[in-house]
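As provided, target_19.cif (mmCIF, C-alpha atoms; chains and numbers go by the auth columns) reads as follows.
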data_structure
loop_
_atom_site.group_PDB
_atom_site.id
_atom_site.type_symbol
_atom_site.label_atom_id
_atom_site.label_comp_id
_atom_site.label_asym_id
_atom_site.label_seq_id
_atom_site.Cartn_x
_atom_site.Cartn_y
_atom_site.Cartn_z
_atom_site.B_iso_or_equiv
_atom_site.auth_seq_id
_atom_site.auth_asym_id
ATOM 1 C CA MET A 1 52.808 214.469 21.899 0.00 1 A
ATOM 2 C CA ASN A 2 56.379 215.428 22.808 0.00 2 A
ATOM 3 C CA PHE A 3 57.452 211.824 22.287 0.00 3 A
ATOM 4 C CA ILE A 4 56.020 211.799 18.767 0.00 4 A
ATOM 5 C CA LYS A 5 57.521 215.216 18.001 0.00 5 A
ATOM 6 C CA ASN A 6 60.965 214.198 19.229 0.00 6 A
ATOM 7 C CA ASN A 7 61.013 210.840 17.460 0.00 7 A
ATOM 8 C CA LEU A 8 59.086 211.346 14.216 0.00 8 A
ATOM 9 C CA ALA A 9 62.279 212.179 12.285 0.00 9 A
ATOM 10 C CA ASN A 10 63.999 209.129 13.802 0.00 10 A
ATOM 11 C CA ALA A 11 61.096 206.929 12.692 0.00 11 A
ATOM 12 C CA ILE A 12 61.503 208.248 9.144 0.00 12 A
ATOM 13 C CA THR A 13 65.235 207.477 9.335 0.00 13 A
ATOM 14 C CA LEU A 14 64.457 203.918 10.420 0.00 14 A
ATOM 15 C CA GLY A 15 62.119 203.696 7.434 0.00 15 A
ATOM 16 C CA ASN A 16 65.125 204.590 5.259 0.00 16 A
ATOM 17 C CA LEU A 17 67.084 201.769 6.920 0.00 17 A
ATOM 18 C CA PHE A 18 64.244 199.271 6.421 0.00 18 A
ATOM 19 C CA SER A 19 63.943 200.227 2.763 0.00 19 A
ATOM 20 C CA GLY A 20 67.701 199.798 2.350 0.00 20 A
ATOM 21 C CA CYS A 21 67.582 196.327 3.937 0.00 21 A
ATOM 22 C CA VAL A 22 64.771 195.231 1.626 0.00 22 A
ATOM 23 C CA GLY A 23 66.594 196.679 -1.396 0.00 23 A
ATOM 24 C CA ALA A 24 69.830 194.857 -0.521 0.00 24 A
ATOM 25 C CA VAL A 25 68.050 191.500 -0.162 0.00 25 A
ATOM 26 C CA HIS A 26 66.305 191.896 -3.521 0.00 26 A
ATOM 27 C CA LEU A 27 69.526 192.983 -5.223 0.00 27 A
ATOM 28 C CA ILE A 28 71.273 189.817 -4.000 0.00 28 A
ATOM 29 C CA SER A 29 68.475 187.746 -5.527 0.00 29 A
ATOM 30 C CA GLY A 30 68.694 189.678 -8.810 0.00 30 A
ATOM 31 C CA ASP A 31 65.448 191.625 -8.408 0.00 31 A
ATOM 32 C CA TYR A 32 66.879 194.990 -9.392 0.00 32 A
ATOM 33 C CA GLN A 33 63.426 196.468 -10.097 0.00 33 A
ATOM 34 C CA THR A 34 62.455 196.238 -6.433 0.00 34 A
ATOM 35 C CA THR A 35 65.893 197.483 -5.407 0.00 35 A
ATOM 36 C CA ALA A 36 65.443 200.557 -7.615 0.00 36 A
ATOM 37 C CA ILE A 37 62.121 201.320 -5.885 0.00 37 A
ATOM 38 C CA CYS A 38 63.751 200.861 -2.477 0.00 38 A
ATOM 39 C CA ILE A 39 66.592 203.245 -3.375 0.00 39 A
ATOM 40 C CA ILE A 40 64.106 205.906 -4.481 0.00 40 A
ATOM 41 C CA LEU A 41 62.140 205.433 -1.254 0.00 41 A
ATOM 42 C CA SER A 42 65.334 205.675 0.816 0.00 42 A
ATOM 43 C CA LEU A 43 66.331 208.872 -1.002 0.00 43 A
ATOM 44 C CA VAL A 44 62.941 210.435 -0.235 0.00 44 A
ATOM 45 C CA LEU A 45 63.029 209.350 3.410 0.00 45 A
ATOM 46 C CA ASP A 46 66.651 210.490 3.774 0.00 46 A
ATOM 47 C CA PHE A 47 65.594 213.960 2.644 0.00 47 A
ATOM 48 C CA PHE A 48 62.488 214.177 4.806 0.00 48 A
ATOM 49 C CA ASP A 49 64.008 212.983 8.078 0.00 49 A
ATOM 50 C CA GLY A 50 66.256 216.043 8.191 0.00 50 A
ATOM 51 C CA PHE A 51 63.466 218.300 6.926 0.00 51 A
ATOM 52 C CA VAL A 52 61.068 217.061 9.620 0.00 52 A
ATOM 53 C CA ALA A 53 63.720 217.312 12.357 0.00 53 A
ATOM 54 C CA ARG A 54 64.423 220.948 11.455 0.00 54 A
ATOM 55 C CA ALA A 55 60.734 221.818 11.092 0.00 55 A
ATOM 56 C CA LEU A 56 59.874 220.341 14.508 0.00 56 A
ATOM 57 C CA LYS A 57 63.129 221.581 16.075 0.00 57 A
ATOM 58 C CA ALA A 58 63.831 217.993 17.076 0.00 58 A
ATOM 59 C CA ASN A 59 67.472 217.747 15.980 0.00 59 A
ATOM 60 C CA SER A 60 69.488 215.467 18.224 0.00 60 A
ATOM 61 C CA ASN A 61 72.783 213.582 18.387 0.00 61 A
ATOM 62 C CA LEU A 62 70.764 210.349 18.282 0.00 62 A
ATOM 63 C CA GLY A 63 69.167 211.433 15.016 0.00 63 A
ATOM 64 C CA THR A 64 72.561 212.276 13.533 0.00 64 A
ATOM 65 C CA GLN A 65 73.940 208.843 14.369 0.00 65 A
ATOM 66 C CA LEU A 66 70.810 207.028 13.182 0.00 66 A
ATOM 67 C CA ASP A 67 70.957 208.895 9.867 0.00 67 A
ATOM 68 C CA SER A 68 74.503 207.727 9.140 0.00 68 A
ATOM 69 C CA LEU A 69 73.787 204.151 10.236 0.00 69 A
ATOM 70 C CA ALA A 70 70.737 203.998 7.954 0.00 70 A
ATOM 71 C CA ASP A 71 72.693 205.544 5.077 0.00 71 A
ATOM 72 C CA MET A 72 75.400 202.919 5.556 0.00 72 A
ATOM 73 C CA VAL A 73 72.940 200.247 4.401 0.00 73 A
ATOM 74 C CA SER A 74 70.878 202.186 1.847 0.00 74 A
ATOM 75 C CA PHE A 75 73.784 204.098 0.307 0.00 75 A
ATOM 76 C CA GLY A 76 76.806 202.068 1.387 0.00 76 A
ATOM 77 C CA LEU A 77 75.936 198.386 1.163 0.00 77 A
ATOM 78 C CA ILE A 78 73.653 198.629 -1.888 0.00 78 A
ATOM 79 C CA PRO A 79 76.193 200.297 -4.260 0.00 79 A
ATOM 80 C CA GLY A 80 78.819 197.796 -3.083 0.00 80 A
ATOM 81 C CA LEU A 81 76.434 194.946 -3.881 0.00 81 A
ATOM 82 C CA ALA A 82 75.633 196.477 -7.267 0.00 82 A
ATOM 83 C CA MET A 83 79.329 196.521 -8.191 0.00 83 A
ATOM 84 C CA PHE A 84 79.653 193.003 -6.749 0.00 84 A
ATOM 85 C CA LYS A 85 76.922 191.855 -9.159 0.00 85 A
ATOM 86 C CA MET A 86 78.561 193.590 -12.133 0.00 86 A
ATOM 87 C CA LEU A 87 81.954 192.027 -11.400 0.00 87 A
ATOM 88 C CA GLU A 88 80.503 188.579 -10.669 0.00 88 A
ATOM 89 C CA PRO A 89 80.754 187.162 -14.227 0.00 89 A
ATOM 90 C CA PHE A 90 84.530 187.691 -14.385 0.00 90 A
ATOM 91 C CA GLY A 91 85.601 185.125 -11.803 0.00 91 A
ATOM 92 C CA SER A 92 89.146 185.612 -10.516 0.00 92 A
ATOM 93 C CA GLU A 93 90.937 186.403 -13.771 0.00 93 A
ATOM 94 C CA VAL A 94 92.179 189.850 -14.877 0.00 94 A
ATOM 95 C CA LEU A 95 94.267 190.244 -18.044 0.00 95 A
ATOM 96 C CA GLY A 96 95.158 186.563 -17.912 0.00 96 A
ATOM 97 C CA LEU A 97 96.220 186.750 -14.262 0.00 97 A
ATOM 98 C CA HIS A 98 94.475 184.520 -11.739 0.00 98 A
ATOM 99 C CA LEU A 99 93.881 186.303 -8.459 0.00 99 A
ATOM 100 C CA PRO A 100 93.566 184.456 -5.116 0.00 100 A
ATOM 101 C CA LEU A 101 90.175 186.133 -4.601 0.00 101 A
ATOM 102 C CA GLU A 102 87.261 186.480 -6.991 0.00 102 A
ATOM 103 C CA ILE A 103 87.141 189.969 -8.492 0.00 103 A
ATOM 104 C CA LYS A 104 83.540 190.533 -7.445 0.00 104 A
ATOM 105 C CA TYR A 105 84.563 191.073 -3.813 0.00 105 A
ATOM 106 C CA LEU A 106 86.467 194.199 -4.817 0.00 106 A
ATOM 107 C CA GLY A 107 83.060 195.812 -5.322 0.00 107 A
ATOM 108 C CA PHE A 108 82.794 196.111 -1.546 0.00 108 A
ATOM 109 C CA LEU A 109 85.571 198.700 -1.601 0.00 109 A
ATOM 110 C CA ILE A 110 82.720 201.090 -2.319 0.00 110 A
ATOM 111 C CA THR A 111 80.977 199.946 0.866 0.00 111 A
ATOM 112 C CA LEU A 112 84.145 200.366 2.940 0.00 112 A
ATOM 113 C CA PHE A 113 84.808 203.882 1.651 0.00 113 A
ATOM 114 C CA SER A 114 81.130 204.792 2.080 0.00 114 A
ATOM 115 C CA CYS A 115 81.498 203.886 5.750 0.00 115 A
ATOM 116 C CA LEU A 116 84.657 205.980 5.998 0.00 116 A
ATOM 117 C CA ARG A 117 82.968 208.905 4.241 0.00 117 A
ATOM 118 C CA LEU A 118 79.994 208.837 6.640 0.00 118 A
ATOM 119 C CA ALA A 119 82.290 208.741 9.677 0.00 119 A
ATOM 120 C CA ILE A 120 84.311 211.694 8.353 0.00 120 A
ATOM 121 C CA PHE A 121 81.111 213.630 7.635 0.00 121 A
ATOM 122 C CA ASN A 122 79.876 213.149 11.213 0.00 122 A
ATOM 123 C CA LEU A 123 83.093 214.648 12.584 0.00 123 A
ATOM 124 C CA ASP A 124 83.397 217.503 10.078 0.00 124 A
ATOM 125 C CA GLU A 125 81.535 220.619 11.225 0.00 125 A
ATOM 126 C CA ASP A 126 82.293 222.587 8.039 0.00 126 A
ATOM 127 C CA GLN A 127 79.969 220.626 5.719 0.00 127 A
ATOM 128 C CA LYS A 128 76.749 222.523 6.412 0.00 128 A
ATOM 129 C CA TYR A 129 76.073 224.101 3.014 0.00 129 A
ATOM 130 C CA TYR A 130 78.340 221.950 0.864 0.00 130 A
ATOM 131 C CA PHE A 131 79.751 218.434 0.834 0.00 131 A
ATOM 132 C CA LYS A 132 83.409 217.553 0.930 0.00 132 A
ATOM 133 C CA GLY A 133 83.656 214.586 -1.415 0.00 133 A
ATOM 134 C CA LEU A 134 80.819 212.806 -3.208 0.00 134 A
ATOM 135 C CA ASN A 135 77.933 212.129 -0.829 0.00 135 A
ATOM 136 C CA THR A 136 76.782 208.516 -0.473 0.00 136 A
ATOM 137 C CA PRO A 137 73.282 208.965 -2.016 0.00 137 A
ATOM 138 C CA SER A 138 74.823 210.473 -5.177 0.00 138 A
ATOM 139 C CA ASN A 139 77.400 207.701 -5.326 0.00 139 A
ATOM 140 C CA THR A 140 74.616 205.123 -5.031 0.00 140 A
ATOM 141 C CA ILE A 141 72.739 206.712 -7.933 0.00 141 A
ATOM 142 C CA LEU A 142 75.943 206.626 -9.994 0.00 142 A
ATOM 143 C CA ILE A 143 76.817 202.980 -9.310 0.00 143 A
ATOM 144 C CA PHE A 144 73.276 201.624 -9.417 0.00 144 A
ATOM 145 C CA GLY A 145 72.557 203.674 -12.542 0.00 145 A
ATOM 146 C CA ILE A 146 75.495 201.958 -14.258 0.00 146 A
ATOM 147 C CA TYR A 147 74.229 198.612 -12.995 0.00 147 A
ATOM 148 C CA LEU A 148 70.764 199.223 -14.452 0.00 148 A
ATOM 149 C CA LEU A 149 72.325 199.723 -17.886 0.00 149 A
ATOM 150 C CA THR A 150 73.591 196.127 -17.725 0.00 150 A
ATOM 151 C CA THR A 151 70.092 194.702 -17.214 0.00 151 A
ATOM 152 C CA PRO A 152 67.457 193.779 -19.817 0.00 152 A
ATOM 153 C CA TYR A 153 64.512 195.155 -17.797 0.00 153 A
ATOM 154 C CA PHE A 154 62.043 197.452 -19.573 0.00 154 A
ATOM 155 C CA PRO A 155 62.317 200.451 -19.983 0.00 155 A
ATOM 156 C CA PHE A 156 66.073 200.013 -19.819 0.00 156 A
ATOM 157 C CA GLU A 157 66.218 197.265 -22.447 0.00 157 A
ATOM 158 C CA ASN A 158 67.212 199.663 -25.234 0.00 158 A
ATOM 159 C CA TYR A 159 70.491 200.291 -23.431 0.00 159 A
ATOM 160 C CA ALA A 160 71.119 196.792 -22.064 0.00 160 A
ATOM 161 C CA PHE A 161 74.216 194.828 -22.934 0.00 161 A
ATOM 162 C CA ASP A 162 75.724 191.494 -22.026 0.00 162 A
ATOM 163 C CA LYS A 163 77.598 191.731 -18.746 0.00 163 A
ATOM 164 C CA ASN A 164 80.241 189.373 -20.089 0.00 164 A
ATOM 165 C CA SER A 165 81.170 191.964 -22.710 0.00 165 A
ATOM 166 C CA THR A 166 81.759 194.665 -20.097 0.00 166 A
ATOM 167 C CA PRO A 167 85.494 195.279 -19.759 0.00 167 A
ATOM 168 C CA VAL A 168 86.411 194.297 -16.222 0.00 168 A
ATOM 169 C CA LEU A 169 89.118 196.960 -16.075 0.00 169 A
ATOM 170 C CA ILE A 170 86.533 199.701 -16.648 0.00 170 A
ATOM 171 C CA LEU A 171 84.462 198.419 -13.732 0.00 171 A
ATOM 172 C CA LEU A 172 87.534 198.239 -11.511 0.00 172 A
ATOM 173 C CA VAL A 173 88.495 201.801 -12.454 0.00 173 A
ATOM 174 C CA ILE A 174 84.946 202.952 -11.646 0.00 174 A
ATOM 175 C CA THR A 175 85.196 201.154 -8.294 0.00 175 A
ATOM 176 C CA ILE A 176 88.480 202.848 -7.397 0.00 176 A
ATOM 177 C CA LEU A 177 87.355 206.264 -8.651 0.00 177 A
ATOM 178 C CA SER A 178 84.047 206.011 -6.800 0.00 178 A
ATOM 179 C CA SER A 179 85.829 205.026 -3.579 0.00 179 A
ATOM 180 C CA TRP A 180 88.237 207.946 -3.889 0.00 180 A
ATOM 181 C CA LEU A 181 85.507 210.483 -4.678 0.00 181 A
ATOM 182 C CA LEU A 182 83.695 209.550 -1.465 0.00 182 A
ATOM 183 C CA ILE A 183 86.599 210.772 0.676 0.00 183 A
ATOM 184 C CA SER A 184 88.092 213.332 -1.702 0.00 184 A
ATOM 185 C CA PRO A 185 88.593 216.982 -0.651 0.00 185 A
ATOM 186 C CA ILE A 186 86.543 218.202 -3.640 0.00 186 A
ATOM 187 C CA LYS A 187 83.701 220.514 -2.611 0.00 187 A
ATOM 188 C CA MET A 188 80.314 219.328 -3.867 0.00 188 A
ATOM 189 C CA ILE A 189 77.002 221.163 -4.064 0.00 189 A
ATOM 190 C CA ALA A 190 74.542 220.481 -1.245 0.00 190 A
ATOM 191 C CA MET A 191 70.856 221.268 -1.763 0.00 191 A
ATOM 192 C CA LYS A 192 70.687 223.377 1.389 0.00 192 A
ATOM 193 C CA PHE A 193 69.901 227.056 0.951 0.00 193 A
ATOM 194 C CA LYS A 194 72.122 229.412 2.932 0.00 194 A
ATOM 195 C CA SER A 195 70.120 232.375 1.629 0.00 195 A
ATOM 196 C CA MET A 196 67.394 233.091 -0.907 0.00 196 A
ATOM 197 C CA LYS A 197 69.572 235.451 -2.954 0.00 197 A
ATOM 198 C CA LEU A 198 69.719 234.395 -6.591 0.00 198 A
ATOM 199 C CA GLN A 199 73.498 234.827 -6.892 0.00 199 A
ATOM 200 C CA ASP A 200 74.062 232.542 -3.902 0.00 200 A
ATOM 201 C CA ASN A 201 72.156 229.731 -5.572 0.00 201 A
ATOM 202 C CA TYR A 202 73.568 229.723 -9.112 0.00 202 A
ATOM 203 C CA PRO A 203 75.279 226.317 -8.573 0.00 203 A
ATOM 204 C CA LYS A 204 72.012 224.696 -7.427 0.00 204 A
ATOM 205 C CA ILE A 205 70.025 226.257 -10.283 0.00 205 A
ATOM 206 C CA ALA A 206 72.598 225.091 -12.855 0.00 206 A
ATOM 207 C CA LEU A 207 72.530 221.616 -11.315 0.00 207 A
ATOM 208 C CA LEU A 208 68.736 221.301 -11.357 0.00 208 A
ATOM 209 C CA ILE A 209 68.304 222.614 -14.908 0.00 209 A
ATOM 210 C CA GLY A 210 71.113 220.429 -16.230 0.00 210 A
ATOM 211 C CA ALA A 211 69.824 217.315 -14.443 0.00 211 A
ATOM 212 C CA VAL A 212 66.337 217.741 -15.918 0.00 212 A
ATOM 213 C CA LEU A 213 67.720 218.250 -19.431 0.00 213 A
ATOM 214 C CA ILE A 214 69.962 215.184 -19.124 0.00 214 A
ATOM 215 C CA LEU A 215 67.023 212.982 -18.096 0.00 215 A
ATOM 216 C CA ILE A 216 64.850 214.337 -20.937 0.00 216 A
ATOM 217 C CA ILE A 217 67.557 213.813 -23.558 0.00 217 A
ATOM 218 C CA PHE A 218 69.205 210.587 -22.389 0.00 218 A
ATOM 219 C CA LYS A 219 66.431 208.997 -20.293 0.00 219 A
ATOM 220 C CA THR A 220 67.791 205.974 -18.383 0.00 220 A
ATOM 221 C CA VAL A 221 71.351 206.496 -19.575 0.00 221 A
ATOM 222 C CA GLY A 222 71.099 209.915 -17.974 0.00 222 A
ATOM 223 C CA ILE A 223 70.910 208.495 -14.433 0.00 223 A
ATOM 224 C CA PRO A 224 74.688 208.050 -13.989 0.00 224 A
ATOM 225 C CA LEU A 225 75.340 211.023 -16.307 0.00 225 A
ATOM 226 C CA ILE A 226 73.536 213.304 -13.838 0.00 226 A
ATOM 227 C CA ILE A 227 76.108 212.445 -11.145 0.00 227 A
ATOM 228 C CA ILE A 228 78.981 213.067 -13.551 0.00 228 A
ATOM 229 C CA TYR A 229 77.384 216.420 -14.402 0.00 229 A
ATOM 230 C CA TYR A 230 76.964 217.095 -10.676 0.00 230 A
ATOM 231 C CA ILE A 231 80.688 216.572 -10.103 0.00 231 A
ATOM 232 C CA ILE A 232 81.589 218.836 -13.055 0.00 232 A
ATOM 233 C CA ILE A 233 79.236 221.624 -11.929 0.00 233 A
ATOM 234 C CA SER A 234 80.625 221.374 -8.399 0.00 234 A
ATOM 235 C CA LEU A 235 84.157 221.809 -9.769 0.00 235 A
ATOM 236 C CA ILE A 236 83.093 224.821 -11.850 0.00 236 A
ATOM 237 C CA PHE A 237 81.431 226.565 -8.881 0.00 237 A
ATOM 238 C CA HIS A 238 83.780 225.301 -6.168 0.00 238 A
ATOM 239 C CA LYS A 239 84.801 228.845 -5.120 0.00 239 A
ATOM 240 C CA GLN A 240 81.170 229.684 -4.330 0.00 240 A
ATOM 241 C CA LEU A 241 80.716 226.650 -2.087 0.00 241 A
ATOM 242 C CA LYS A 242 81.261 227.692 1.520 0.00 242 A
#
Give the structure from the file, written as structure tokens.
Amino acid sequence: MNFIKNNLANAITLGNLFSGCVGAVHLISGDYQTTAICIILSLVLDFFDGFVARALKANSNLGTQLDSLADMVSFGLIPGLAMFKMLEPFGSEVLGLHLPLEIKYLGFLITLFSCLRLAIFNLDEDQKYYFKGLNTPSNTILIFGIYLLTTPYFPFENYAFDKNSTPVLILLVITILSSWLLISPIKMIAMKFKSMKLQDNYPKIALLIGAVLILIIFKTVGIPLIIIYYIIISLIFHKQLK
């Protein structure tokens, strides 16, 4: 029984990794529907592995390392691949200039900075009740949410548009901004409760209410908008994050 207790959270983390692997393979083949399901599953498993570890008092250094390694695939490789797919139609030309490398490979900057962000997080002991920089799951929701808006799949078809009409410079700016946010010093809200006092949780309450309203009003378009709102709310309440 001790073996199960000590390794249940790790098994859940490995489930996150497996889901991320499956999602990445399907994204490469263009099956973004399955990838979306895999991302949702990875998000759920990423939440519950920590919850289970704390509940069973089975926290360990192994679990910490496994969590980051799993996140590297589910929330590091997948957003990089999503940007890769969005940049793919543009070849190697930007503003009439022919680059020695196809532009799509620049999408993996997100993957590189996700790796850097996870390594920094593992070494930073201050980020218990807040994040420093945009966390990788949120960044994945942002990038993949933008990617979904470029696809014709129902129920997103009302917002779909031709990828070839997407300004490449906008995608490159998003790539650079996303990469910077991952390692930025900006304090971001973490959904961990330091206390049950109402005044200590105003940022989380504002985030949850706003996120629900955005999804109700904007539906699919609201997926990346939620992350933008999350960043704005974090900036507004940054003095309370400690």
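The two atoms in question, atom CA of A:Ala24 and atom CA of A:Ser179, are spaced 19.2 Å apart.
We find atom CA of A:Leu97 and atom CA of A:Ser114 to be spaced 28.6 Å apart.
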### Spatial neighbours of stretch 170-176 of chain A, 12 Å, only C-alpha atoms, chain gap at least 6 places, as a PyMOL selection string
chain A and resi 79-90+94+103-114+139-140+142-144+146-147+150+163-164+182-184+224+228
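Note that the spacing between atom CA of A:Ala190 and atom CA of A:Phe131 amounts to 6.0 Å.
Considering the residues A:Thr136, A:Gln127, A:Ser92, A:Thr34 and counting only C-alpha atoms, A:Ala70 has its shortest atom-to-atom contact with A:Thr136.
Comparing A:Leu208, A:Met188, A:Val221, A:Leu99 by their smallest distance to A:Ser234, the closest is A:Met188 (using only C-alpha atoms).
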